[in-house]
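Q: Attaching a single structure in structure tokens format; questions to follow.
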Amino acid sequence: MTTELAPTSSLPEEHALQQRVMKKVARRLIPFLGIAYLLNYLDRSNIAFAKLTMSADLGLTETMYGLASGLFFIGYIFFEVPSNLALQRFGARRWIARIMVSWGLVATLMAFVPTAGWLYTARIVLGIAEAGFFPGIILYLTWWFPRADRARLVGLFMVFLPLSSALGSPISGLILQYTHGWMGLAGWQAMFLLQGLPTLVLGVAAWFYLTDRPNQAAWLEPEEREWLHDTMEAEQQEAAATGHHSVRASLRDGRVWALGGVYFGLGYSLFALSFFLPSIVAGFSETFDTSFSILQTGLIVAVPFSAGAIAMVLWSKHSDHSDERIWHVVLPMLLAGVTIPVALYMNSPFTTMVVITLTSIGIFSAFPVFWYLPPTFLSGPGAATGIALVNTIGAASGFLAPYATGWLVDLTGNARAGLWVVGVLAVAASLGLLAMSKVIPVTRTAVAER
């Protein structure tokens, strides 16, 4: 990992020290946490590929599938804030390991659900087990990455989100197509089993690999530890002086709730795309009289997510270079909002996927820069609470998006109405963030230093 990092000081010596420390921290944390995040999203969204054969085995309608997808977020929502507070109290190493082992176990056991009712139950329990992982990682990274470099480095971590679908889609298709009957299991059962086990292994490894705070990092030199500890402490004190440190103040801050509303619109777009894109591609056989195998479907689905991964890295890097945040969230959300409703009005599989790829670029480009915003006015327990609350509000879209989209598919016979809802919510969320831009303390100090 050889990204050029933005200086936080005009002194050449400190700039060199910063470069050295950030490269070490990025190399230590981003690959490990990124792979964990990849597995995190894969284990919650692989139901989209399981649906292609599981629906017939369990007797699922589109509405029932949408309900099963969305029920994950019921338990997830209620345990987000308590989980982040527990991470603040017990430390990231212990708590992230606990979360990963718990959800890995549930994800693996999903291979053995016998009925739709058991599937519903497993999805709820999976959400409870997984609750707090993503906001916990975002909080954890604010303890290690200074603001001047945070959007870009968080972008490198979050690129594993689209990579989860870009890599997971063809892998899921491969497993579904070629493991049916393996050990007496259906293809979707083998997929849940084979994709859940790696999470268990990585969860155990997290207990030994992660370091809670910079001042405990034995893998940094004493001078490097001191610089990073002092830098992060100074930023925490600045955030506490200009924003909120306490849990109660964070819960009462209208900006936290407003950012949650923006994240709801962004999340709705992501979940609708993730949970229904494999079905949309499979539906090309009827719409355009084409025929794709399950593996080919996985490869086609991977294209928009691969483009989103590349755009996410480049866009977050541009945000740090320009030290501009609001428009770096608003513009890609507008792109997603205006493209996704028209995708299913195209006249060929190629043009449909081109438009969906533009939607994916918009969705994923907005994510890492968005998460720069909450820590600008939150710190300490207030940051743990506020980040979790924003993610909780956004996660509510994870229940609504697949359920509403599935219901609209059953009602209308196609996914067009559901995608119009996605577009309207994305545009509304982007305009909402633009309206509240003056009350978020995003400064341009890094530009002045450069």
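Here's how to read the names in the structure tokens: chain A, B, ... by the order shown, residue numbers from 1 in each chain, ligand numbers from 1 in the order shown.
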Write out as a Markdown table a residue-level contact list of stretch 298-357 of chain A versus stretch 147-153 of chain A with cut-off 10 Å: for each qualifying residue the closest pair of atoms and the distance in Å to one decimal, counting only C-alpha atoms, rows sorted by chain and residue number upward.
A:
| residue | atom | partner | partner_atom | distance |
| --- | --- | --- | --- | --- |
| A:Met312 | CA | A:Arg152 | CA | 9.1 |
| A:Val313 | CA | A:Arg152 | CA | 7.0 |
| A:Leu314 | CA | A:Arg152 | CA | 8.4 |
| A:Trp315 | CA | A:Arg152 | CA | 8.3 |
| A:Ser316 | CA | A:Arg152 | CA | 4.9 |
| A:Lys317 | CA | A:Arg152 | CA | 4.7 |
| A:His318 | CA | A:Arg152 | CA | 8.1 |
| A:Ser319 | CA | A:Ala151 | CA | 7.0 |
| A:Asp320 | CA | A:Ala151 | CA | 6.1 |
| A:His321 | CA | A:Ala148 | CA | 8.8 |
| A:Asp323 | CA | A:Ala148 | CA | 7.9 |
| A:Arg325 | CA | A:Ala151 | CA | 8.9 |
Q: Since we have the selection now, will you write its residues out, keeping N, CA, C and O atoms, as a compact mmCIF listing (two decimals), in the first residue's frame?
A:
# COMPACT_ATOMS: atom_id res chain seq x y z
N MET A 312 -14.63 4.44 -5.69
CA MET A 312 -14.57 4.76 -4.26
C MET A 312 -13.17 5.22 -3.85
O MET A 312 -13.02 6.22 -3.15
N VAL A 313 -12.15 4.51 -4.30
CA VAL A 313 -10.77 4.87 -3.94
C VAL A 313 -10.40 6.22 -4.54
O VAL A 313 -9.85 7.10 -3.85
N LEU A 314 -10.68 6.41 -5.81
CA LEU A 314 -10.29 7.66 -6.48
C LEU A 314 -11.05 8.86 -5.93
O LEU A 314 -10.48 9.94 -5.74
N TRP A 315 -12.34 8.69 -5.65
CA TRP A 315 -13.16 9.80 -5.18
C TRP A 315 -12.79 10.21 -3.75
O TRP A 315 -12.73 11.40 -3.45
N SER A 316 -12.54 9.25 -2.88
CA SER A 316 -12.14 9.59 -1.51
C SER A 316 -10.76 10.23 -1.50
O SER A 316 -10.50 11.15 -0.71
N LYS A 317 -9.88 9.80 -2.38
CA LYS A 317 -8.56 10.44 -2.50
C LYS A 317 -8.72 11.88 -2.96
O LYS A 317 -8.05 12.79 -2.43
N HIS A 318 -9.62 12.11 -3.91
CA HIS A 318 -9.86 13.47 -4.39
C HIS A 318 -10.45 14.34 -3.28
O HIS A 318 -10.13 15.53 -3.16
N SER A 319 -11.30 13.76 -2.44
CA SER A 319 -11.88 14.51 -1.34
C SER A 319 -10.81 14.98 -0.36
O SER A 319 -10.82 16.13 0.09
N ASP A 320 -9.87 14.10 -0.01
CA ASP A 320 -8.78 14.50 0.88
C ASP A 320 -7.89 15.54 0.23
O ASP A 320 -7.43 16.49 0.87
N HIS A 321 -7.62 15.37 -1.07
CA HIS A 321 -6.73 16.31 -1.76
C HIS A 321 -7.33 17.71 -1.82
O HIS A 321 -6.64 18.71 -1.63
N ASP A 323 -9.82 18.68 0.20
CA ASP A 323 -10.37 18.99 1.53
C ASP A 323 -11.82 19.46 1.45
O ASP A 323 -12.26 20.33 2.18
N ARG A 325 -15.86 18.02 1.45
CA ARG A 325 -16.59 16.82 1.87
C ARG A 325 -18.03 16.79 1.40
O ARG A 325 -18.49 15.77 0.89
Q: Excluding same-chain residues fewer than 4 positions from A:Asn391, what lies within 8 Å of it counting only C-alpha atoms, as a PyMOL selection string?
A: chain A and resi 80+135+260+263+387+395
Q: If you keep N, CA, C and O atoms, can you produce a file of those selected residues as a PDB file, in the first residue's frame?
A:
ATOM      1  N   GLU A  80     -27.160  -1.896  17.820  1.00  0.00           N
ATOM      2  CA  GLU A  80     -26.049  -1.101  17.291  1.00  0.00           C
ATOM      3  C   GLU A  80     -25.413  -0.198  18.351  1.00  0.00           C
ATOM      4  O   GLU A  80     -24.206  -0.246  18.583  1.00  0.00           O
ATOM      5  N   PRO A 135     -20.147   0.180  12.510  1.00  0.00           N
ATOM      6  CA  PRO A 135     -19.895   1.428  13.235  1.00  0.00           C
ATOM      7  C   PRO A 135     -18.738   1.291  14.217  1.00  0.00           C
ATOM      8  O   PRO A 135     -18.039   2.261  14.499  1.00  0.00           O
ATOM      9  N   GLY A 260     -28.299  10.626   9.976  1.00  0.00           N
ATOM     10  CA  GLY A 260     -28.924   9.309   9.889  1.00  0.00           C
ATOM     11  C   GLY A 260     -29.940   9.245   8.759  1.00  0.00           C
ATOM     12  O   GLY A 260     -30.042   8.237   8.050  1.00  0.00           O
ATOM     13  N   TYR A 263     -28.078   8.978   5.561  1.00  0.00           N
ATOM     14  CA  TYR A 263     -27.525   7.622   5.414  1.00  0.00           C
ATOM     15  C   TYR A 263     -28.623   6.609   5.100  1.00  0.00           C
ATOM     16  O   TYR A 263     -28.370   5.594   4.450  1.00  0.00           O
ATOM     17  N   ILE A 387     -22.063   7.731  16.018  1.00  0.00           N
ATOM     18  CA  ILE A 387     -21.753   6.932  14.831  1.00  0.00           C
ATOM     19  C   ILE A 387     -22.678   5.729  14.751  1.00  0.00           C
ATOM     20  O   ILE A 387     -23.201   5.390  13.686  1.00  0.00           O
ATOM     21  N   ALA A 395     -29.445   1.677   8.784  1.00  0.00           N
ATOM     22  CA  ALA A 395     -29.703   0.241   8.704  1.00  0.00           C
ATOM     23  C   ALA A 395     -31.182  -0.067   8.608  1.00  0.00           C
ATOM     24  O   ALA A 395     -31.581  -1.128   8.101  1.00  0.00           O
TER      25      ALA A 395
END
Q: According to DSSP computed on the backbone, where in stretch 26-247 of chain A is there alpha helix (DSSP H)? Give the residues as a count of residues only.
A: 180
Q: What gap, in Å, lies between atom CA of A:Ser397 and atom CA of A:Ile30?
A: 26.9 Å
Q: Any idea what the distance is between atom CA of A:Arg213 and atom CA of A:Pro381?
A: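 Between atom CA of A:Arg213 and atom CA of A:Pro381 the gap is 15.1 Å.
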Q: At a cut-off of 6 Å, using only C-alpha atoms, what residues contact A:Ser169? Leave out same-chain residues fewer than 4 positions from it and give the result as a list in words.
A: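 With the cut-off at 6 Å, the set is Ser165, Gly298 and Ala302 of chain A.
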Q: For each of A:Ile138, A:Leu344, A:Leu266, A:Val21, take the minimum atom-to-atom distance to A:Thr287, counting only C-alpha atoms, then give the residue where this is smallest.
A: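 Nearest candidate to A:Thr287 out of A:Ile138, A:Leu344, A:Leu266, A:Val21: A:Leu344.
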Q: Would you kindly return, as an mmCIF file with N, CA, C and O atoms, in the first residue's frame, each protein, DNA or RNA residue with an atom no farther than 8 Å from any atom of A:Leu251, considering only C-alpha atoms and excluding same-chain residues fewer than 2 positions away?
A:
data_model
loop_
_atom_site.group_PDB
_atom_site.id
_atom_site.type_symbol
_atom_site.label_atom_id
_atom_site.label_comp_id
_atom_site.auth_asym_id
_atom_site.auth_seq_id
_atom_site.Cartn_x
_atom_site.Cartn_y
_atom_site.Cartn_z
ATOM 1 N N VAL A 247 -22.791 10.795 25.849
ATOM 2 C CA VAL A 247 -23.810 10.003 25.171
ATOM 3 C C VAL A 247 -25.102 10.798 25.033
ATOM 4 O O VAL A 247 -25.719 10.845 23.957
ATOM 5 N N ARG A 248 -25.531 11.436 26.105
ATOM 6 C CA ARG A 248 -26.804 12.158 26.100
ATOM 7 C C ARG A 248 -26.789 13.304 25.090
ATOM 8 O O ARG A 248 -27.755 13.493 24.334
ATOM 9 N N ALA A 249 -25.702 14.075 25.069
ATOM 10 C CA ALA A 249 -25.632 15.199 24.131
ATOM 11 C C ALA A 249 -25.656 14.715 22.693
ATOM 12 O O ALA A 249 -26.267 15.347 21.822
ATOM 13 N N ASP A 253 -28.484 15.641 19.615
ATOM 14 C CA ASP A 253 -27.988 16.503 18.543
ATOM 15 C C ASP A 253 -28.766 16.242 17.247
ATOM 16 O O ASP A 253 -28.738 15.130 16.704
ATOM 17 N N VAL A 256 -26.945 14.622 14.237
ATOM 18 C CA VAL A 256 -26.783 13.176 14.218
ATOM 19 C C VAL A 256 -27.995 12.520 13.555
ATOM 20 O O VAL A 256 -27.862 11.654 12.685
ATOM 21 N N THR A 385 -21.644 6.660 20.393
ATOM 22 C CA THR A 385 -23.108 6.677 20.321
ATOM 23 C C THR A 385 -23.591 7.259 19.006
ATOM 24 O O THR A 385 -24.469 6.693 18.328
ATOM 25 N N GLY A 386 -23.038 8.420 18.620
ATOM 26 C CA GLY A 386 -23.504 9.108 17.422
ATOM 27 C C GLY A 386 -23.258 8.317 16.161
ATOM 28 O O GLY A 386 -24.143 8.219 15.292
ATOM 29 N N LEU A 389 -25.666 5.493 16.097
ATOM 30 C CA LEU A 389 -27.032 5.940 15.839
ATOM 31 C C LEU A 389 -27.231 6.257 14.360
ATOM 32 O O LEU A 389 -28.266 5.896 13.762
#
Q: Stretch 27-88 of chain A near stretch 178-185 of chain A within 12 Å: what's each residue's closest atom pair and its distance in Å to one decimal, counting only C-alpha atoms, ordered by chain then ascending residue number, as a tab-separated table?
A:
residue	atom	partner	partner_atom	distance
A:Ala50	CA	A:His180	CA	11.9
A:Thr53	CA	A:His180	CA	10.1
A:Met54	CA	A:His180	CA	11.5
A:Asp57	CA	A:Leu185	CA	11.7
Q: For those residues, write N, CA and C atoms to a file as a short mmCIF file (atom, residue, chain, number, x, y, z; two decimals), in the first residue's frame.
A:
data_model
loop_
_atom_site.label_atom_id
_atom_site.label_comp_id
_atom_site.auth_asym_id
_atom_site.auth_seq_id
_atom_site.Cartn_x
_atom_site.Cartn_y
_atom_site.Cartn_z
N ALA A 50 -28.33 -17.03 -3.01
CA ALA A 50 -29.03 -18.22 -2.53
C ALA A 50 -30.45 -18.26 -3.04
N THR A 53 -31.87 -20.40 -6.14
CA THR A 53 -32.29 -21.81 -6.02
C THR A 53 -33.02 -22.10 -4.72
N MET A 54 -32.77 -21.30 -3.70
CA MET A 54 -33.37 -21.52 -2.38
C MET A 54 -34.87 -21.26 -2.39
N ASP A 57 -36.83 -24.32 -3.06
CA ASP A 57 -36.72 -25.31 -1.99
C ASP A 57 -37.55 -24.94 -0.78
#
